[in-house]
Every structure is written in C-alpha cells, then in structure tokens.
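The file work15.pdb comes next; it holds PDB, C-alpha atoms.
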ATOM      1  CA  MET A 441      83.471 123.745 123.793
ATOM      2  CA  ARG A 442      83.639 123.568 120.006
ATOM      3  CA  THR A 443      85.427 121.001 117.895
ATOM      4  CA  TYR A 444      88.290 122.480 115.917
ATOM      5  CA  SER A 445      88.203 121.929 112.160
ATOM      6  CA  ALA A 446      91.288 122.913 110.188
ATOM      7  CA  LYS A 447      90.960 125.099 107.113
ATOM      8  CA  PRO A 448      93.250 124.599 104.111
ATOM      9  CA  ALA A 449      94.796 128.019 104.789
ATOM     10  CA  ASP A 450      95.776 126.946 108.354
ATOM     11  CA  VAL A 451      97.972 124.057 107.169
ATOM     12  CA  GLN A 452     101.729 124.578 107.152
ATOM     13  CA  ARG A 453     103.573 121.784 105.389
ATOM     14  CA  LYS A 454     107.026 120.525 106.290
ATOM     15  CA  TRP A 455     109.380 118.301 104.292
ATOM     16  CA  PHE A 456     110.905 115.113 105.670
ATOM     17  CA  VAL A 457     113.700 112.910 104.266
ATOM     18  CA  ILE A 458     113.774 109.239 105.219
ATOM     19  CA  ASP A 459     116.690 106.937 104.447
ATOM     20  CA  ALA A 460     115.224 103.477 103.752
ATOM     21  CA  ASP A 461     118.569 101.674 103.921
ATOM     22  CA  GLY A 462     118.001  98.610 106.150
ATOM     23  CA  VAL A 463     114.593  99.785 107.388
ATOM     24  CA  VAL A 464     111.720  97.268 107.511
ATOM     25  CA  LEU A 465     109.258  98.091 104.718
ATOM     26  CA  GLY A 466     105.972  97.680 106.608
ATOM     27  CA  ARG A 467     107.051  99.716 109.623
ATOM     28  CA  MET A 468     108.294 102.522 107.403
ATOM     29  CA  ALA A 469     105.139 102.484 105.245
ATOM     30  CA  ALA A 470     102.873 102.807 108.293
ATOM     31  CA  ILE A 471     104.775 105.831 109.632
ATOM     32  CA  VAL A 472     104.964 107.516 106.212
ATOM     33  CA  ALA A 473     101.224 106.996 105.635
ATOM     34  CA  GLN A 474     100.497 108.776 108.925
ATOM     35  CA  ILE A 475     102.750 111.688 107.971
ATOM     36  CA  LEU A 476     101.167 112.019 104.512
ATOM     37  CA  ARG A 477      97.677 112.066 106.029
ATOM     38  CA  GLY A 478      98.667 114.541 108.750
ATOM     39  CA  LYS A 479      97.722 112.311 111.680
ATOM     40  CA  HIS A 480     100.898 113.296 113.525
ATOM     41  CA  LYS A 481      99.648 116.887 113.843
ATOM     42  CA  THR A 482      97.276 118.302 116.418
ATOM     43  CA  ILE A 483      95.239 120.047 113.714
ATOM     44  CA  TYR A 484      94.391 116.755 111.936
ATOM     45  CA  THR A 485      91.014 116.937 110.230
ATOM     46  CA  PRO A 486      89.815 113.869 108.280
ATOM     47  CA  HIS A 487      88.391 115.757 105.293
ATOM     48  CA  ILE A 488      91.273 118.256 104.855
ATOM     49  CA  ASP A 489      94.741 117.441 103.538
ATOM     50  CA  THR A 490      96.888 118.386 106.561
ATOM     51  CA  GLY A 491      99.848 116.110 105.759
ATOM     52  CA  ASP A 492     103.484 116.880 105.064
ATOM     53  CA  HIS A 493     105.796 116.076 102.153
ATOM     54  CA  VAL A 494     107.966 112.950 102.436
ATOM     55  CA  VAL A 495     111.089 112.127 100.395
ATOM     56  CA  ILE A 496     112.367 108.553 100.641
ATOM     57  CA  VAL A 497     115.895 107.757  99.450
ATOM     58  CA  ASN A 498     117.682 104.387  99.056
ATOM     59  CA  ALA A 499     114.409 102.587  98.315
ATOM     60  CA  GLU A 500     116.314  99.735  96.695
ATOM     61  CA  LYS A 501     117.931  98.865 100.061
ATOM     62  CA  VAL A 502     114.683  98.436 102.011
ATOM     63  CA  LYS A 503     114.386  95.253 104.090
ATOM     64  CA  LEU A 504     111.573  92.696 104.076
ATOM     65  CA  THR A 505     111.437  90.384 107.101
ATOM     66  CA  GLY A 506     110.849  86.658 106.978
ATOM     67  CA  ARG A 507     110.304  85.113 103.549
ATOM     68  CA  LYS A 508     108.026  87.875 102.255
ATOM     69  CA  ALA A 509     110.448  88.802  99.473
ATOM     70  CA  ASP A 510     109.879  85.428  97.791
ATOM     71  CA  GLN A 511     106.489  84.232  99.028
ATOM     72  CA  ARG A 512     104.439  87.378  98.470
ATOM     73  CA  ILE A 513     103.205  87.551  94.888
ATOM     74  CA  PHE A 514     101.602  90.593  93.247
ATOM     75  CA  TYR A 515      99.315  89.935  90.295
ATOM     76  CA  TRP A 516      97.947  92.154  87.549
ATOM     77  CA  HIS A 517      96.284  91.524  84.224
ATOM     78  CA  SER A 518      97.196  93.004  80.861
ATOM     79  CA  GLY A 519      93.612  92.874  79.618
ATOM     80  CA  HIS A 520      94.356  90.292  76.942
ATOM     81  CA  PRO A 521      93.394  86.600  77.165
ATOM     82  CA  GLY A 522      95.993  84.741  79.229
ATOM     83  CA  GLY A 523      97.518  88.048  80.307
ATOM     84  CA  LEU A 524      97.849  87.351  84.038
ATOM     85  CA  LYS A 525     101.273  88.528  85.201
ATOM     86  CA  GLU A 526     103.045  88.227  88.535
ATOM     87  CA  HIS A 527     106.062  89.608  90.367
ATOM     88  CA  THR A 528     107.632  89.005  93.742
ATOM     89  CA  PRO A 529     109.033  91.926  95.746
ATOM     90  CA  ARG A 530     112.561  90.520  95.339
ATOM     91  CA  ARG A 531     112.215  90.621  91.546
ATOM     92  CA  THR A 532     110.866  94.170  91.628
ATOM     93  CA  LEU A 533     113.630  95.400  93.962
ATOM     94  CA  ALA A 534     116.261  93.888  91.651
ATOM     95  CA  GLY A 535     114.599  95.340  88.537
ATOM     96  CA  ARG A 536     114.493  98.719  86.868
ATOM     97  CA  PHE A 537     112.094 100.465  89.266
ATOM     98  CA  PRO A 538     112.800  99.300  92.841
ATOM     99  CA  GLU A 539     111.008 102.337  94.263
ATOM    100  CA  ARG A 540     107.656 100.827  93.227
ATOM    101  CA  VAL A 541     107.765  98.352  96.120
ATOM    102  CA  VAL A 542     107.968 101.189  98.652
ATOM    103  CA  LYS A 543     105.432 103.379  96.871
ATOM    104  CA  ARG A 544     102.842 100.590  96.617
ATOM    105  CA  ALA A 545     103.296  99.581 100.263
ATOM    106  CA  ILE A 546     102.561 103.152 101.348
ATOM    107  CA  GLU A 547      99.709 103.483  98.861
ATOM    108  CA  ARG A 548      98.021 100.402 100.331
ATOM    109  CA  MET A 549      98.139 101.924 103.825
ATOM    110  CA  MET A 550      96.343 105.079 102.713
ATOM    111  CA  PRO A 551      92.540 105.392 102.508
ATOM    112  CA  LYS A 552      91.104 103.734  99.449
ATOM    113  CA  ASP A 553      90.968 105.581  96.140
ATOM    114  CA  SER A 554      89.484 109.044  96.646
ATOM    115  CA  PRO A 555      90.401 112.560  95.560
ATOM    116  CA  LEU A 556      91.803 113.281  99.041
ATOM    117  CA  SER A 557      94.065 110.214  99.107
ATOM    118  CA  ARG A 558      95.336 110.982  95.599
ATOM    119  CA  ALA A 559      96.238 114.519  96.719
ATOM    120  CA  GLN A 560      98.015 113.139  99.784
ATOM    121  CA  LEU A 561      99.985 110.610  97.710
ATOM    122  CA  LYS A 562     101.262 113.384  95.436
ATOM    123  CA  LYS A 563     103.320 114.606  98.405
ATOM    124  CA  LEU A 564     105.326 111.352  98.401
ATOM    125  CA  LYS A 565     108.622 111.259  96.475
ATOM    126  CA  VAL A 566     110.542 107.959  96.321
ATOM    127  CA  TYR A 567     114.044 107.556  94.855
ATOM    128  CA  ALA A 568     116.030 104.338  94.384
ATOM    129  CA  GLY A 569     119.420 105.946  95.087
ATOM    130  CA  ALA A 570     120.753 108.321  97.704
ATOM    131  CA  GLU A 571     120.287 111.513  95.639
ATOM    132  CA  HIS A 572     117.123 113.628  95.479
ATOM    133  CA  PRO A 573     116.345 117.023  93.899
ATOM    134  CA  HIS A 574     114.499 118.499  96.914
ATOM    135  CA  GLU A 575     117.364 120.138  98.802
ATOM    136  CA  ALA A 576     115.902 123.598  98.127
ATOM    137  CA  GLN A 577     112.956 122.791 100.423
ATOM    138  CA  SER A 578     115.455 122.152 103.289
ATOM    139  CA  PRO A 579     113.870 118.863 104.398
ATOM    140  CA  GLU A 580     114.146 117.596 107.944
ATOM    141  CA  VAL A 581     115.939 114.232 108.333
ATOM    142  CA  MET A 582     113.823 111.571 110.046
ATOM    143  CA  ASP A 583     115.744 108.569 111.390
ATOM    144  CA  LEU A 584     113.453 105.538 111.326
ATOM    145  CA  GLY A 585     116.346 103.114 111.767
ATOM    146  CA  SER A 586     116.705 103.939 115.458
ATOM    147  CA  ARG A 587     112.991 103.645 116.287
ATOM    148  CA  ASN A 588     112.922  99.846 116.364
ATOM    149  CA  ARG A 589     115.528  97.152 116.979
ATOM    150  CA  LYS A 590     114.403  95.256 113.863
ATOM    151  CA  ASN A 591     115.294  98.160 111.620
ATOM    152  CA  LYS A 592     119.115  98.295 111.016
ATOM    153  CA  PRO A 593     121.101  95.319 112.289
TER     154      PRO A 593
END
Is it possible to express this structure as structure tokens?
Amino acid sequence: MRTYSAKPADVQRKWFVIDADGVVLGRMAAIVAQILRGKHKTIYTPHIDTGDHVVIVNAEKVKLTGRKADQRIFYWHSGHPGGLKEHTPRRTLAGRFPERVVKRAIERMMPKDSPLSRAQLKKLKVYAGAEHPHEAQSPEVMDLGSRNRKNKP
C-alpha cells in the first residue's frame, strides 16, 4: 500500500465564516489554525497547503477567560533606546484594531515562520464588526459557540 501525498492541483478550498461573539479566544484559535493548515481534511499533507479560507467577524467581542485580559502582557521594542512597549489584550480589544488579538492568537498556533505558514495565514480574514466583503465566495457558516459550554453563556 502506498502513502497518499496530495498535489496542489488536488486541493479544493472552501470558505468558512465564524462569528467570534462570545467565543473563547484560545478554543477558536486552535480550531481555526487546524482549518487553515488543512488538518481537518483526509488529504492533509504536511508540505502542501491543503487548508481552507476562514473569515472571522465580530473579533472585538471575543471572550478571554479568567484574568488573561489584564494579566497577559505583550511586549515589543521600537528599536530605539528605552523603546520597550507593552499592551494587554483588554487595551488592544478596546483600541483601534481589535482584530489583532484574534489574528495573533491564531498566528501563534501555526507552525513557526516559514513560507508555507505565511501562505496559510494569507487565507485568514479577520474583521472587527459583523460585516465582511466575502459574500461572493458563498462561505459556509461554522458555529463554534455551540461546540463547548464555555463559549456563549
């Protein structure tokens, strides 16, 4: 018996829409990372991009459990002396670009920086509000709120 290896021409991509309103961030990020990589398909091949497109709406209404919204601190450096900066997820969600919290959570669950992971991340679209411009692709609605009792109160 031979091991099946998918070819790029064999891959058929679907589109999914996920409403992040009240959904726990980590649980959603893990599921979305699997969909982007293509691990939910039977033709999954580690070195071929077999994943699907994912559109996430209402990213500003995502839920963080416990005290993660205030205790988790993300650092970065501007490159100048004394340029260490920090943000908490609560501050980012209340700011101008709340979708960055969701995008970075998913990005950290993907394989580390490689050309394949960058190609897979390009299939992720995150929007802060309920509107998105991808209706022409007729995306399938995926309800993550009903998958776990901790998602939606």
Taking (118.4, 104.8, 105.1) in the coordinates of the supplied file, I want to know which residues reach to within 10 Å of it, counting only C-alpha atoms; could you give the answer as an mmCIF file with C-alpha atoms, keeping the file's coordinate frame?
data_model
loop_
_atom_site.group_PDB
_atom_site.id
_atom_site.type_symbol
_atom_site.label_atom_id
_atom_site.label_comp_id
_atom_site.auth_asym_id
_atom_site.auth_seq_id
_atom_site.Cartn_x
_atom_site.Cartn_y
_atom_site.Cartn_z
ATOM 1 C CA VAL A 457 113.700 112.910 104.266
ATOM 2 C CA ILE A 458 113.774 109.239 105.219
ATOM 3 C CA ASP A 459 116.690 106.937 104.447
ATOM 4 C CA ALA A 460 115.224 103.477 103.752
ATOM 5 C CA ASP A 461 118.569 101.674 103.921
ATOM 6 C CA GLY A 462 118.001 98.610 106.150
ATOM 7 C CA VAL A 463 114.593 99.785 107.388
ATOM 8 C CA ILE A 496 112.367 108.553 100.641
ATOM 9 C CA VAL A 497 115.895 107.757 99.450
ATOM 10 C CA ASN A 498 117.682 104.387 99.056
ATOM 11 C CA ALA A 499 114.409 102.587 98.315
ATOM 12 C CA LYS A 501 117.931 98.865 100.061
ATOM 13 C CA VAL A 502 114.683 98.436 102.011
ATOM 14 C CA ALA A 570 120.753 108.321 97.704
ATOM 15 C CA MET A 582 113.823 111.571 110.046
ATOM 16 C CA ASP A 583 115.744 108.569 111.390
ATOM 17 C CA LEU A 584 113.453 105.538 111.326
ATOM 18 C CA GLY A 585 116.346 103.114 111.767
ATOM 19 C CA ASN A 591 115.294 98.160 111.620
ATOM 20 C CA LYS A 592 119.115 98.295 111.016
#
Residue neighbourhood stretch 485-488 of chain A, 9 Å, only C-alpha atoms, exclusion window fewer than 3 positions, as a ChimeraX atom specification: /A:444-448,477-479,482,491,556
Would you list the contacts of A:Glu575 as a short mmCIF file (atom, residue, chain, number, x, y, z; two decimals) with C-alpha atoms, keeping the file's coordinate frame, taking every protein, DNA or RNA residue within 12 Å and counting only C-alpha atoms, but skipping same-chain residues closer than 3 positions in sequence?
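Output contents, as saved in result_26.cif:
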data_model
loop_
_atom_site.label_atom_id
_atom_site.label_comp_id
_atom_site.auth_asym_id
_atom_site.auth_seq_id
_atom_site.Cartn_x
_atom_site.Cartn_y
_atom_site.Cartn_z
CA TRP A 455 109.38 118.30 104.29
CA PHE A 456 110.90 115.11 105.67
CA VAL A 457 113.70 112.91 104.27
CA VAL A 495 111.09 112.13 100.40
CA GLU A 571 120.29 111.51 95.64
CA HIS A 572 117.12 113.63 95.48
CA SER A 578 115.46 122.15 103.29
CA PRO A 579 113.87 118.86 104.40
CA GLU A 580 114.15 117.60 107.94
CA VAL A 581 115.94 114.23 108.33
#
Ranking A:Val494, A:Asp489, A:Leu465, A:Gln474 by minimum distance to A:Arg558 and counting all atoms listed in the file, which one comes first?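 Ranking A:Val494, A:Asp489, A:Leu465, A:Gln474 by distance to A:Arg558, first place goes to A:Asp489.
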Suppose a student applies the PyMOL selection byres ((chain A and resi 512) around 12) to this structure; what residues should they get, written as a PyMOL selection string? chain A and resi 504-511+513-515+526-532+541
For the selection you just gave me, I'd like the residues written to a file as a tab-separated table (two decimals), in the coordinates of the input, keeping C-alpha atoms.
chain	number	residue	atom	x	y	z
A	504	LEU	CA	111.57	92.70	104.08
A	505	THR	CA	111.44	90.38	107.10
A	506	GLY	CA	110.85	86.66	106.98
A	507	ARG	CA	110.30	85.11	103.55
A	508	LYS	CA	108.03	87.88	102.26
A	509	ALA	CA	110.45	88.80	99.47
A	510	ASP	CA	109.88	85.43	97.79
A	511	GLN	CA	106.49	84.23	99.03
A	513	ILE	CA	103.20	87.55	94.89
A	514	PHE	CA	101.60	90.59	93.25
A	515	TYR	CA	99.32	89.94	90.30
A	526	GLU	CA	103.04	88.23	88.54
A	527	HIS	CA	106.06	89.61	90.37
A	528	THR	CA	107.63	89.00	93.74
A	529	PRO	CA	109.03	91.93	95.75
A	530	ARG	CA	112.56	90.52	95.34
A	531	ARG	CA	112.22	90.62	91.55
A	532	THR	CA	110.87	94.17	91.63
A	541	VAL	CA	107.76	98.35	96.12
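Pairwise distance (atom CA of A:His480, atom CA of A:Ile546) equals 15.9 Å.
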Compile the contact shell of A:Arg548 as a VMD selection string: residues with an atom at most 10 Å away, counting only C-alpha atoms, same-chain residues fewer than 4 positions apart removed. chain A and resid 469 to 470 473 543 to 544 552 to 553
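The space between atom CA of A:Gln560 and atom CA of A:Tyr484 spans 13.2 Å.
Atom to atom, atom CA of A:Ala534 and atom CA of A:Val472 stand 22.9 Å apart.
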For A:Pro551, which of A:Ile471, A:Val464, A:Met441, A:Leu476 is the closest residue, counting all atoms listed in the file?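 Among A:Ile471, A:Val464, A:Met441, A:Leu476, it is A:Leu476 that comes nearest to A:Pro551.
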Is it possible to add N, CA and C atoms to stretch 483-494 of chain A and hand it back as a tab-separated table (two decimals), in the coordinates of the input?
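result.tsv, written as the output of this step:
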chain	number	residue	atom	x	y	z
A	483	ILE	N	96.33	119.45	114.48
A	483	ILE	CA	95.24	120.05	113.71
A	483	ILE	C	94.62	119.06	112.72
A	484	TYR	N	94.90	117.75	112.88
A	484	TYR	CA	94.39	116.76	111.94
A	484	TYR	C	92.88	116.85	111.80
A	485	THR	N	92.43	116.93	110.57
A	485	THR	CA	91.01	116.94	110.23
A	485	THR	C	90.83	115.92	109.11
A	486	PRO	N	89.91	114.96	109.26
A	486	PRO	CA	89.82	113.87	108.28
A	486	PRO	C	89.52	114.29	106.84
A	487	HIS	N	88.79	115.38	106.65
A	487	HIS	CA	88.39	115.76	105.29
A	487	HIS	C	89.28	116.84	104.67
A	488	ILE	N	90.34	117.25	105.36
A	488	ILE	CA	91.27	118.26	104.86
A	488	ILE	C	92.66	117.62	104.76
A	489	ASP	N	93.39	117.95	103.71
A	489	ASP	CA	94.74	117.44	103.54
A	489	ASP	C	95.69	118.25	104.43
A	490	THR	N	96.02	117.70	105.61
A	490	THR	CA	96.89	118.39	106.56
A	490	THR	C	98.28	117.77	106.61
A	491	GLY	N	98.59	116.84	105.72
A	491	GLY	CA	99.85	116.11	105.76
A	491	GLY	C	101.05	116.89	105.26
A	492	ASP	N	102.22	116.29	105.46
A	492	ASP	CA	103.48	116.88	105.06
A	492	ASP	C	104.06	116.12	103.87
A	493	HIS	N	105.10	116.70	103.28
A	493	HIS	CA	105.80	116.08	102.15
A	493	HIS	C	106.84	115.10	102.70
A	494	VAL	N	107.00	113.96	102.02
A	494	VAL	CA	107.97	112.95	102.44
A	494	VAL	C	108.82	112.56	101.24
